[in-house]
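With mmCIF, C-alpha atoms and all ligand atoms inside, this is work07.cif:
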data_entry
#
loop_
_atom_site.label_atom_id
_atom_site.label_comp_id
_atom_site.auth_asym_id
_atom_site.auth_seq_id
_atom_site.Cartn_x
_atom_site.Cartn_y
_atom_site.Cartn_z
CA MET A 1 20.85 -19.61 -3.26
CA ALA A 2 18.41 -18.83 -6.06
CA SER A 3 15.17 -17.33 -4.81
CA SER A 4 12.35 -19.81 -4.56
CA SER A 5 9.76 -17.09 -4.10
CA ARG A 6 6.49 -17.39 -5.90
CA THR A 7 5.37 -14.56 -8.16
CA ILE A 8 1.76 -13.47 -7.93
CA GLY A 9 0.02 -11.06 -10.28
CA VAL A 10 -2.81 -8.90 -8.97
CA PHE A 11 -5.03 -6.54 -10.96
CA ASP A 12 -7.96 -4.19 -10.48
CA SER A 13 -9.74 -1.54 -12.55
CA GLY A 14 -7.61 0.96 -10.64
CA VAL A 15 -6.12 1.59 -7.23
CA GLY A 16 -8.84 -0.20 -5.21
CA GLY A 17 -7.17 -3.59 -5.38
CA LEU A 18 -4.41 -2.19 -3.16
CA SER A 19 -6.84 -2.88 -0.30
CA VAL A 20 -6.55 -6.57 -1.21
CA LEU A 21 -2.82 -6.40 -1.95
CA LYS A 22 -2.21 -5.29 1.66
CA HIS A 23 -3.78 -8.51 2.94
CA ILE A 24 -1.83 -10.58 0.40
CA ARG A 25 1.45 -8.92 1.46
CA ALA A 26 0.71 -9.70 5.11
CA THR A 27 -0.33 -13.30 4.39
CA LEU A 28 2.43 -14.20 1.91
CA PRO A 29 5.34 -11.91 2.89
CA ASP A 30 7.91 -13.90 0.90
CA ALA A 31 5.96 -13.79 -2.40
CA ASN A 32 6.93 -11.40 -5.17
CA LEU A 33 3.85 -9.36 -6.00
CA ILE A 34 3.11 -7.49 -9.23
CA TYR A 35 0.13 -5.12 -9.15
CA VAL A 36 -1.56 -3.53 -12.15
CA ALA A 37 -4.02 -0.66 -11.73
CA ASP A 38 -6.06 -0.33 -14.93
CA SER A 39 -6.70 3.33 -14.14
CA GLY A 40 -6.63 4.23 -17.85
CA HIS A 41 -9.92 2.33 -18.15
CA VAL A 42 -11.52 2.99 -14.75
CA PRO A 43 -14.33 2.70 -13.79
CA TYR A 44 -15.28 -0.82 -14.86
CA GLY A 45 -18.68 -0.50 -13.16
CA ASP A 46 -20.39 1.15 -16.13
CA LYS A 47 -18.57 -0.80 -18.89
CA SER A 48 -19.92 -3.82 -20.77
CA PRO A 49 -18.92 -7.32 -19.65
CA ALA A 50 -17.16 -7.81 -23.03
CA TYR A 51 -15.03 -4.69 -22.47
CA ILE A 52 -14.04 -5.77 -18.97
CA GLU A 53 -13.29 -9.28 -20.18
CA ALA A 54 -10.96 -7.94 -22.89
CA ARG A 55 -9.15 -5.74 -20.35
CA SER A 56 -8.84 -8.62 -17.88
CA ILE A 57 -7.30 -10.85 -20.55
CA ALA A 58 -4.80 -8.14 -21.57
CA LEU A 59 -3.77 -7.49 -17.94
CA THR A 60 -3.40 -11.20 -17.20
CA ARG A 61 -1.24 -11.60 -20.33
CA PHE A 62 0.98 -8.79 -19.09
CA LEU A 63 1.26 -10.30 -15.60
CA VAL A 64 2.15 -13.71 -17.05
CA SER A 65 4.78 -12.04 -19.27
CA GLN A 66 6.30 -10.66 -16.04
CA GLY A 67 6.51 -14.13 -14.49
CA ALA A 68 3.23 -14.33 -12.56
CA GLU A 69 2.47 -17.93 -11.59
CA ALA A 70 -0.91 -17.15 -10.01
CA ILE A 71 -3.43 -14.35 -10.57
CA VAL A 72 -5.70 -12.48 -8.17
CA ILE A 73 -8.62 -10.59 -9.68
CA ALA A 74 -8.75 -7.89 -6.98
CA CYS A 75 -11.97 -6.49 -8.39
CA ASN A 76 -15.54 -7.64 -7.84
CA THR A 77 -16.71 -6.17 -11.15
CA ALA A 78 -13.98 -7.92 -13.18
CA THR A 79 -14.68 -11.17 -11.34
CA ALA A 80 -18.33 -10.98 -12.38
CA ALA A 81 -17.47 -10.22 -16.01
CA ALA A 82 -14.29 -12.19 -16.61
CA ALA A 83 -13.36 -14.80 -13.96
CA HIS A 84 -14.90 -17.61 -15.96
CA SER A 85 -13.17 -16.79 -19.25
CA LEU A 86 -9.81 -16.14 -17.54
CA ARG A 87 -10.01 -19.58 -15.94
CA VAL A 88 -10.73 -21.13 -19.34
CA LYS A 89 -8.02 -19.16 -21.17
CA PHE A 90 -5.31 -19.49 -18.51
CA SER A 91 -6.34 -22.92 -17.29
CA LYS A 92 -2.91 -23.81 -15.87
CA LEU A 93 -2.75 -20.79 -13.54
CA PRO A 94 -4.36 -20.65 -10.12
CA ILE A 95 -6.82 -17.74 -10.44
CA VAL A 96 -8.32 -16.36 -7.25
CA ALA A 97 -11.31 -14.09 -7.71
CA MET A 98 -13.46 -12.04 -5.37
CA GLU A 99 -17.10 -11.37 -4.83
CA PRO A 100 -19.19 -9.49 -2.27
CA ALA A 101 -19.08 -11.12 1.17
CA VAL A 102 -22.75 -12.17 1.28
CA LYS A 103 -22.17 -15.37 3.24
CA PRO A 104 -20.32 -13.80 6.23
CA ALA A 105 -22.69 -10.81 6.25
CA VAL A 106 -25.73 -13.07 6.43
CA ALA A 107 -24.09 -14.87 9.35
CA ALA A 108 -23.28 -11.57 11.11
CA THR A 109 -26.51 -9.55 10.86
CA ARG A 110 -28.66 -9.25 13.98
CA SER A 111 -31.35 -7.04 12.45
CA GLY A 112 -31.89 -9.54 9.62
CA VAL A 113 -31.11 -6.89 7.00
CA VAL A 114 -27.85 -6.70 5.04
CA GLY A 115 -26.95 -3.82 2.73
CA VAL A 116 -24.65 -4.25 -0.27
CA LEU A 117 -22.64 -1.34 -1.66
CA ALA A 118 -21.15 -2.27 -5.04
CA THR A 119 -20.81 -1.16 -8.64
CA VAL A 120 -23.80 -1.38 -10.94
CA GLY A 121 -21.88 -3.96 -13.01
CA THR A 122 -21.46 -6.26 -10.02
CA LEU A 123 -25.08 -5.89 -8.86
CA GLU A 124 -26.48 -6.59 -12.33
CA SER A 125 -24.31 -9.67 -12.92
CA ALA A 126 -25.57 -13.25 -13.08
CA ARG A 127 -22.80 -14.16 -10.66
CA PHE A 128 -24.18 -11.82 -7.99
CA ALA A 129 -27.72 -13.13 -8.56
CA ALA A 130 -26.39 -16.67 -7.99
CA LEU A 131 -24.65 -15.53 -4.79
CA LEU A 132 -27.91 -14.08 -3.44
CA GLU A 133 -29.77 -17.21 -4.42
CA LYS A 134 -27.21 -19.36 -2.59
CA TYR A 135 -26.74 -17.42 0.66
CA GLY A 136 -29.39 -14.71 0.82
CA GLY A 137 -32.46 -16.79 1.61
CA LYS A 138 -32.78 -16.22 5.35
CA VAL A 139 -32.27 -12.45 5.53
CA LYS A 140 -33.35 -9.39 3.61
CA ILE A 141 -30.65 -8.09 1.28
CA VAL A 142 -30.86 -4.53 0.01
CA THR A 143 -28.48 -3.49 -2.76
CA GLN A 144 -27.16 -0.07 -3.70
CA GLY A 145 -25.09 0.82 -6.78
CA CYS A 146 -22.60 3.61 -6.07
CA PRO A 147 -21.69 5.57 -9.24
CA GLY A 148 -18.91 8.07 -8.55
CA LEU A 149 -17.46 6.38 -5.47
CA VAL A 150 -14.67 4.57 -7.35
CA GLU A 151 -13.64 7.86 -9.00
CA VAL A 152 -13.38 9.54 -5.58
CA VAL A 153 -10.89 6.88 -4.43
CA GLU A 154 -9.00 7.08 -7.74
CA ARG A 155 -8.38 10.75 -6.96
CA GLY A 156 -7.12 9.82 -3.49
CA ASP A 157 -9.97 11.92 -2.19
CA LEU A 158 -10.89 9.97 0.96
CA HIS A 159 -12.22 12.72 3.23
CA SER A 160 -13.76 15.38 0.98
CA ASN A 161 -17.27 16.79 1.15
CA GLU A 162 -18.04 15.12 -2.16
CA ALA A 163 -17.01 11.71 -0.79
CA ARG A 164 -19.17 12.27 2.32
CA ARG A 165 -22.14 13.43 0.24
CA LEU A 166 -21.98 10.31 -1.96
CA ILE A 167 -21.67 8.02 1.06
CA GLU A 168 -24.63 9.70 2.76
CA ARG A 169 -26.72 9.35 -0.39
CA TYR A 170 -25.84 5.66 -0.90
CA THR A 171 -26.09 4.46 2.71
CA GLU A 172 -29.31 6.28 3.61
CA PRO A 173 -31.68 3.85 1.83
CA LEU A 174 -29.88 0.88 3.40
CA LEU A 175 -30.14 2.34 6.91
CA LYS A 176 -33.82 3.13 6.28
CA HIS A 177 -34.33 -0.61 5.77
CA SER A 178 -32.57 -1.16 9.17
CA ALA A 179 -29.46 -2.78 7.71
CA ASP A 180 -26.95 -3.36 10.51
CA THR A 181 -24.31 -4.95 8.27
CA LEU A 182 -22.96 -3.36 5.09
CA ILE A 183 -20.97 -5.31 2.53
CA LEU A 184 -18.23 -3.28 0.86
CA GLY A 185 -18.68 -5.06 -2.48
CA CYS A 186 -16.00 -3.15 -4.36
CA THR A 187 -12.30 -3.19 -3.52
CA HIS A 188 -12.08 0.61 -3.69
CA TYR A 189 -14.51 1.06 -0.79
CA PRO A 190 -12.35 -0.19 2.13
CA PHE A 191 -10.29 2.99 1.63
CA LEU A 192 -13.46 4.93 2.47
CA ALA A 193 -14.26 2.79 5.54
CA PRO A 194 -13.28 5.49 8.09
CA LEU A 195 -15.63 7.98 6.39
CA ILE A 196 -18.40 5.38 5.98
CA HIS A 197 -18.09 4.62 9.72
CA GLU A 198 -18.41 8.32 10.48
CA VAL A 199 -21.60 8.50 8.40
CA VAL A 200 -23.35 5.28 9.49
CA GLY A 201 -22.07 5.01 13.07
CA ASP A 202 -20.05 2.31 14.78
CA GLU A 203 -23.02 -0.01 15.42
CA VAL A 204 -23.20 -0.79 11.71
CA ALA A 205 -20.63 -3.43 10.72
CA LEU A 206 -18.65 -3.11 7.48
CA ILE A 207 -17.57 -6.32 5.81
CA ASP A 208 -15.10 -6.80 2.97
CA THR A 209 -13.39 -9.81 1.46
CA GLY A 210 -9.72 -8.79 1.23
CA ALA A 211 -8.51 -10.96 4.12
CA ALA A 212 -10.52 -14.00 2.97
CA VAL A 213 -9.12 -13.67 -0.56
CA ALA A 214 -5.56 -13.57 0.78
CA ARG A 215 -6.20 -16.72 2.86
CA GLU A 216 -7.68 -18.50 -0.15
CA LEU A 217 -4.69 -17.44 -2.26
CA LYS A 218 -2.27 -18.85 0.33
CA ARG A 219 -4.20 -22.11 0.47
CA ARG A 220 -4.07 -22.42 -3.33
CA VAL A 221 -0.42 -21.49 -3.87
CA ASP A 222 0.79 -23.67 -0.98
CA VAL A 223 -0.75 -26.64 -2.77
CA GLU A 224 -0.27 -25.67 -6.41
CA LEU A 225 3.02 -23.73 -6.28
CA PRO A 226 4.99 -25.41 -3.48
CA MET A 227 8.21 -23.59 -2.52
CA ARG A 228 11.28 -25.34 -3.84
CA THR A 229 13.47 -24.30 -0.91
CA LEU A 230 12.72 -22.48 2.29
CA ASP A 231 13.04 -18.79 1.48
CA THR A 232 12.53 -16.39 4.32
CA ALA A 233 13.52 -13.26 2.38
CA ARG A 234 10.82 -10.65 2.02
CA GLY A 235 9.35 -10.58 -1.48
CA THR A 236 9.28 -7.60 -3.79
CA VAL A 237 6.23 -5.52 -4.75
CA THR A 238 6.11 -3.93 -8.21
CA PHE A 239 3.42 -1.52 -9.39
CA TYR A 240 2.13 -0.64 -12.88
CA THR A 241 -0.68 1.54 -14.20
CA SER A 242 -2.40 1.95 -17.55
CA GLY A 243 -3.19 5.51 -16.47
CA GLU A 244 -0.88 8.42 -15.83
CA ALA A 245 2.22 7.14 -14.01
CA GLU A 246 3.07 10.33 -12.11
CA GLN A 247 -0.41 10.72 -10.67
CA ALA A 248 -0.56 6.98 -9.91
CA THR A 249 2.76 7.21 -8.03
CA ARG A 250 1.37 10.00 -5.86
CA ILE A 251 -1.98 8.39 -5.10
CA MET A 252 -0.82 4.79 -4.76
CA SER A 253 1.93 5.88 -2.35
CA VAL A 254 -0.73 7.40 -0.10
CA LEU A 255 -3.03 4.37 -0.31
CA TRP A 256 -0.20 1.83 0.08
CA GLY A 257 1.23 3.76 3.04
CA ASN A 258 4.77 3.89 1.65
CA VAL A 259 6.39 5.73 -1.20
CA VAL A 260 6.19 3.46 -4.23
CA GLU A 261 7.20 3.91 -7.83
CA VAL A 262 4.56 3.09 -10.39
CA GLY A 263 5.67 2.06 -13.88
CA GLN A 264 3.74 2.62 -17.09
CA LEU A 265 2.07 -0.47 -18.51
CA PRO A 266 3.62 -1.16 -21.95
CA GLN A 267 1.55 0.30 -24.81
CA GLU A 268 0.54 -3.09 -26.21
CA PHE A 269 -1.41 -3.82 -23.02
CA ILE A 270 -3.12 -0.40 -22.69
N1 LIG A 301 -12.47 -2.20 -7.53
C1 LIG A 301 -13.50 -2.52 -8.47
C2 LIG A 301 -14.48 -3.53 -7.85
O1 LIG A 301 -14.14 -4.19 -6.88
C3 LIG A 301 -14.12 -1.25 -8.97
C4 LIG A 301 -14.85 -1.40 -10.24
C5 LIG A 301 -14.92 -0.13 -11.06
O2 LIG A 301 -13.91 0.30 -11.56
O3 LIG A 301 -16.05 0.38 -11.24
O4 LIG A 301 -15.57 -3.73 -8.33
#

Here is a file; write its structure as structure tokens.
Ligand code: DGL
Amino acid sequence: MASSSRTIGVFDSGVGGLSVLKHIRATLPDANLIYVADSGHVPYGDKSPAYIEARSIALTRFLVSQGAEAIVIACNTATAAAAHSLRVKFSKLPIVAMEPAVKPAVAATRSGVVGVLATVGTLESARFAALLEKYGGKVKIVTQGCPGLVEVVERGDLHSNEARRLIERYTEPLLKHSADTLILGCTHYPFLAPLIHEVVGDEVALIDTGAAVARELKRRVDVELPMRTLDTARGTVTFYTSGEAEQATRIMSVLWGNVVEVGQLPQEFI
């Protein structure tokens, strides 16, 4: 029987989107997943919206050329810069994007103060301002850009002194404001959650959007890409990078939790 599995393309500025891919794999185990880490261009957080938009279009083109029938932008910064134009350009594809989890954090806080850890690009975007306007009214929201934190995760450096020092520096102002709920507004940061917990203590809740994005993706593809036959086979997962493939293989294997092979993105998409 020909496979009826749906093929879903997922991209991020680098390895961070693997934190979202894990939720997608668990939620849609039969789907074939293609992941692109744009590590040759990481970080996106200090790039212009036009640059990130051009990268997002190139990566989506590649994923479509590989058979992707739906796209997940597993990157808050790329969502802010490019979700709108991707939806215009690829209007026939379901495109699921992600943004900092302001709504659930506002519902969860007991101190009435929510902290947001994200890239400078996300925090400065009109999209984030609209999110605050929509959901932030009742509580105090304190934001903190985190230069350097994405690079730490890109190196697979999840427990070093440098990682701890950066986390201490970025969480201190939020804790000073009595934030009891921290939004991990960048898909790289869930990989640092154990260290962030060590620094801020267990009473402070960490919230990210990976699971919600996977649920939204399932809802969309079940409606828009119905399965043609019942296929219970486990789907495949394929990995690409625009960075250095050998290093990506090493680091992505650690973050994914299994040995994976990472292919080089073809030159025309780099
Ligand atoms: N994972 C990306 C995000 O969610 C990181 C952006 C960057 O590369 O700076 O925003």

Residues of chain A at most 7 Å from ligand LIG 301 (chain A): nearest atom pair and distance in Å, all atoms listed in the file, as a Markdown table:
| residue | atom | partner | partner_atom | distance |
| --- | --- | --- | --- | --- |
| A:Asp12 | CA | A:LIG301 | N1 | 5.7 |
| A:Ser13 | CA | A:LIG301 | O2 | 4.7 |
| A:Gly14 | CA | A:LIG301 | O2 | 6.4 |
| A:Gly16 | CA | A:LIG301 | N1 | 4.7 |
| A:Gly17 | CA | A:LIG301 | N1 | 5.9 |
| A:Val42 | CA | A:LIG301 | O2 | 4.8 |
| A:Pro43 | CA | A:LIG301 | O2 | 3.3 |
| A:Tyr44 | CA | A:LIG301 | O2 | 3.7 |
| A:Gly45 | CA | A:LIG301 | O3 | 3.4 |
| A:Asp46 | CA | A:LIG301 | O3 | 6.6 |
| A:Ala74 | CA | A:LIG301 | O1 | 6.5 |
| A:Cys75 | CA | A:LIG301 | O1 | 3.5 |
| A:Asn76 | CA | A:LIG301 | O1 | 3.8 |
| A:Thr77 | CA | A:LIG301 | O4 | 3.9 |
| A:Ala78 | CA | A:LIG301 | O4 | 6.6 |
| A:Ala118 | CA | A:LIG301 | O4 | 6.6 |
| A:Thr119 | CA | A:LIG301 | O3 | 5.6 |
| A:Thr122 | CA | A:LIG301 | O4 | 6.6 |
| A:Val150 | CA | A:LIG301 | O3 | 5.9 |
| A:Gly185 | CA | A:LIG301 | O1 | 6.4 |
| A:Cys186 | CA | A:LIG301 | O1 | 3.3 |
| A:Thr187 | CA | A:LIG301 | O1 | 4.0 |
| A:His188 | CA | A:LIG301 | N1 | 4.8 |

task = Quick one: pull the distance between atom CA of Gly243 of chain A and atom CA of Val15 of chain A, Å, one decimal.
result = 10.5 Å

query = Given the choices A:Val88, A:Val152, A:Leu158, A:Leu63, which gets closest to Leu265 of chain A if the distance is worked out from all atoms listed in the file?
reply =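 The shortest atom-to-atom distance to Leu265 of chain A comes from A:Leu63.
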
message = Between atom CA of Met98 of chain A and atom CA of Asp208 of chain A, what distance in Å does the model show, to one decimal?
response =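 Separation of atom CA of Met98 of chain A and atom CA of Asp208 of chain A: 10.0 Å.
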
task = Could you tell me which of A:Glu198, A:Glu216, A:Asp30, A:Glu99 comes closest to Ala163 of chain A if we count all atoms listed in the file?
result = A:Glu198

request  = Excluding Val142 of chain A and any residue of its chain fewer than 6 positions from it, enumerate the residues within 10 Å of it, using only C-alpha atoms, and give them as a PyMOL selection string.
outcome  = chain A and resi 113-117+173-175+177-179+182

ask   = For Ala97 of chain A, which residue out of A:Leu195, A:Val213, A:Leu225, A:Ala130 is the nearest one, using only C-alpha atoms?
value =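 Going through A:Leu195, A:Val213, A:Leu225, A:Ala130 one by one, the smallest distance to Ala97 of chain A is for A:Val213.
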
Can you pull segment 33-46 of chain A out of that block with all heavy atoms and hand it back as a PDB file, in the first residue's frame?
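Printed below is out-v1.pdb as written:
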ATOM      1  N   LEU A  33       8.661  14.056   8.635  1.00  0.00           N
ATOM      2  CA  LEU A  33       9.094  15.396   9.041  1.00  0.00           C
ATOM      3  C   LEU A  33      10.435  15.730   8.394  1.00  0.00           C
ATOM      4  O   LEU A  33      11.344  14.891   8.352  1.00  0.00           O
ATOM      5  CB  LEU A  33       9.232  15.465  10.566  1.00  0.00           C
ATOM      6  CG  LEU A  33       7.999  15.034  11.380  1.00  0.00           C
ATOM      7  CD1 LEU A  33       8.302  15.094  12.881  1.00  0.00           C
ATOM      8  CD2 LEU A  33       6.792  15.907  11.037  1.00  0.00           C
ATOM      9  N   ILE A  34      10.539  16.948   7.876  1.00  0.00           N
ATOM     10  CA  ILE A  34      11.824  17.424   7.339  1.00  0.00           C
ATOM     11  C   ILE A  34      12.187  18.680   8.115  1.00  0.00           C
ATOM     12  O   ILE A  34      11.389  19.625   8.174  1.00  0.00           O
ATOM     13  CB  ILE A  34      11.719  17.785   5.838  1.00  0.00           C
ATOM     14  CG1 ILE A  34      11.074  16.650   5.050  1.00  0.00           C
ATOM     15  CG2 ILE A  34      13.095  18.123   5.282  1.00  0.00           C
ATOM     16  CD1 ILE A  34      10.712  17.039   3.616  1.00  0.00           C
ATOM     17  N   TYR A  35      13.364  18.682   8.722  1.00  0.00           N
ATOM     18  CA  TYR A  35      13.777  19.815   9.567  1.00  0.00           C
ATOM     19  C   TYR A  35      14.983  20.505   8.944  1.00  0.00           C
ATOM     20  O   TYR A  35      15.959  19.860   8.570  1.00  0.00           O
ATOM     21  CB  TYR A  35      14.159  19.300  10.966  1.00  0.00           C
ATOM     22  CG  TYR A  35      14.559  20.416  11.902  1.00  0.00           C
ATOM     23  CD1 TYR A  35      13.597  21.104  12.631  1.00  0.00           C
ATOM     24  CD2 TYR A  35      15.893  20.800  12.035  1.00  0.00           C
ATOM     25  CE1 TYR A  35      13.946  22.150  13.477  1.00  0.00           C
ATOM     26  CE2 TYR A  35      16.255  21.847  12.874  1.00  0.00           C
ATOM     27  CZ  TYR A  35      15.271  22.506  13.589  1.00  0.00           C
ATOM     28  OH  TYR A  35      15.617  23.552  14.433  1.00  0.00           O
ATOM     29  N   VAL A  36      14.919  21.828   8.859  1.00  0.00           N
ATOM     30  CA  VAL A  36      16.094  22.582   8.413  1.00  0.00           C
ATOM     31  C   VAL A  36      16.548  23.533   9.514  1.00  0.00           C
ATOM     32  O   VAL A  36      15.775  24.362   9.998  1.00  0.00           O
ATOM     33  CB  VAL A  36      15.823  23.427   7.146  1.00  0.00           C
ATOM     34  CG1 VAL A  36      17.113  24.112   6.696  1.00  0.00           C
ATOM     35  CG2 VAL A  36      15.285  22.577   6.019  1.00  0.00           C
ATOM     36  N   ALA A  37      17.813  23.384   9.908  1.00  0.00           N
ATOM     37  CA  ALA A  37      18.462  24.313  10.840  1.00  0.00           C
ATOM     38  C   ALA A  37      19.258  25.307   9.996  1.00  0.00           C
ATOM     39  O   ALA A  37      20.176  24.907   9.281  1.00  0.00           O
ATOM     40  CB  ALA A  37      19.404  23.546  11.770  1.00  0.00           C
ATOM     41  N   ASP A  38      18.906  26.586  10.088  1.00  0.00           N
ATOM     42  CA  ASP A  38      19.617  27.586   9.278  1.00  0.00           C
ATOM     43  C   ASP A  38      20.856  28.082  10.017  1.00  0.00           C
ATOM     44  O   ASP A  38      21.108  29.291  10.118  1.00  0.00           O
ATOM     45  CB  ASP A  38      18.659  28.744   8.937  1.00  0.00           C
ATOM     46  CG  ASP A  38      19.119  29.539   7.716  1.00  0.00           C
ATOM     47  OD1 ASP A  38      19.991  29.033   6.972  1.00  0.00           O
ATOM     48  OD2 ASP A  38      18.607  30.653   7.499  1.00  0.00           O
ATOM     49  N   SER A  39      21.636  27.134  10.528  1.00  0.00           N
ATOM     50  CA  SER A  39      22.760  27.483  11.407  1.00  0.00           C
ATOM     51  C   SER A  39      23.857  28.279  10.694  1.00  0.00           C
ATOM     52  O   SER A  39      24.674  28.920  11.354  1.00  0.00           O
ATOM     53  CB  SER A  39      23.352  26.216  12.036  1.00  0.00           C
ATOM     54  OG  SER A  39      22.377  25.598  12.854  1.00  0.00           O
ATOM     55  N   GLY A  40      23.856  28.261   9.356  1.00  0.00           N
ATOM     56  CA  GLY A  40      24.807  29.091   8.611  1.00  0.00           C
ATOM     57  C   GLY A  40      24.465  30.567   8.736  1.00  0.00           C
ATOM     58  O   GLY A  40      25.284  31.425   8.375  1.00  0.00           O
ATOM     59  N   HIS A  41      23.281  30.877   9.209  1.00  0.00           N
ATOM     60  CA  HIS A  41      22.830  32.280   9.305  1.00  0.00           C
ATOM     61  C   HIS A  41      22.418  32.656  10.722  1.00  0.00           C
ATOM     62  O   HIS A  41      21.842  33.713  10.927  1.00  0.00           O
ATOM     63  CB  HIS A  41      21.673  32.526   8.337  1.00  0.00           C
ATOM     64  CG  HIS A  41      22.057  32.349   6.908  1.00  0.00           C
ATOM     65  ND1 HIS A  41      22.429  33.396   6.095  1.00  0.00           N
ATOM     66  CD2 HIS A  41      22.169  31.228   6.150  1.00  0.00           C
ATOM     67  CE1 HIS A  41      22.748  32.934   4.889  1.00  0.00           C
ATOM     68  NE2 HIS A  41      22.592  31.614   4.900  1.00  0.00           N
ATOM     69  N   VAL A  42      22.638  31.778  11.681  1.00  0.00           N
ATOM     70  CA  VAL A  42      22.229  32.026  13.057  1.00  0.00           C
ATOM     71  C   VAL A  42      23.174  33.060  13.692  1.00  0.00           C
ATOM     72  O   VAL A  42      24.349  33.093  13.324  1.00  0.00           O
ATOM     73  CB  VAL A  42      22.251  30.693  13.854  1.00  0.00           C
ATOM     74  CG1 VAL A  42      23.675  30.256  14.229  1.00  0.00           C
ATOM     75  CG2 VAL A  42      21.338  30.724  15.061  1.00  0.00           C
ATOM     76  N   PRO A  43      22.771  33.932  14.591  1.00  0.00           N
ATOM     77  CA  PRO A  43      21.405  34.070  15.077  1.00  0.00           C
ATOM     78  C   PRO A  43      20.557  34.997  14.191  1.00  0.00           C
ATOM     79  O   PRO A  43      21.103  35.865  13.513  1.00  0.00           O
ATOM     80  CB  PRO A  43      21.604  34.714  16.449  1.00  0.00           C
ATOM     81  CG  PRO A  43      22.839  35.558  16.280  1.00  0.00           C
ATOM     82  CD  PRO A  43      23.714  34.818  15.306  1.00  0.00           C
ATOM     83  N   TYR A  44      19.251  34.787  14.205  1.00  0.00           N
ATOM     84  CA  TYR A  44      18.343  35.689  13.506  1.00  0.00           C
ATOM     85  C   TYR A  44      18.071  36.947  14.347  1.00  0.00           C
ATOM     86  O   TYR A  44      17.660  37.967  13.834  1.00  0.00           O
ATOM     87  CB  TYR A  44      16.990  34.996  13.254  1.00  0.00           C
ATOM     88  CG  TYR A  44      16.928  34.051  12.073  1.00  0.00           C
ATOM     89  CD1 TYR A  44      18.032  33.782  11.272  1.00  0.00           C
ATOM     90  CD2 TYR A  44      15.715  33.427  11.753  1.00  0.00           C
ATOM     91  CE1 TYR A  44      17.936  32.904  10.199  1.00  0.00           C
ATOM     92  CE2 TYR A  44      15.605  32.560  10.676  1.00  0.00           C
ATOM     93  CZ  TYR A  44      16.716  32.296   9.902  1.00  0.00           C
ATOM     94  OH  TYR A  44      16.600  31.433   8.839  1.00  0.00           O
ATOM     95  N   GLY A  45      18.255  36.813  15.671  1.00  0.00           N
ATOM     96  CA  GLY A  45      17.812  37.850  16.612  1.00  0.00           C
ATOM     97  C   GLY A  45      18.392  39.226  16.359  1.00  0.00           C
ATOM     98  O   GLY A  45      17.773  40.228  16.709  1.00  0.00           O
ATOM     99  N   ASP A  46      19.592  39.298  15.753  1.00  0.00           N
ATOM    100  CA  ASP A  46      20.174  40.621  15.506  1.00  0.00           C
ATOM    101  C   ASP A  46      20.169  40.970  14.013  1.00  0.00           C
ATOM    102  O   ASP A  46      20.819  41.913  13.589  1.00  0.00           O
ATOM    103  CB  ASP A  46      21.598  40.682  16.078  1.00  0.00           C
ATOM    104  CG  ASP A  46      22.518  39.644  15.450  1.00  0.00           C
ATOM    105  OD1 ASP A  46      22.101  38.932  14.520  1.00  0.00           O
ATOM    106  OD2 ASP A  46      23.682  39.544  15.897  1.00  0.00           O
TER     107      ASP A  46
END
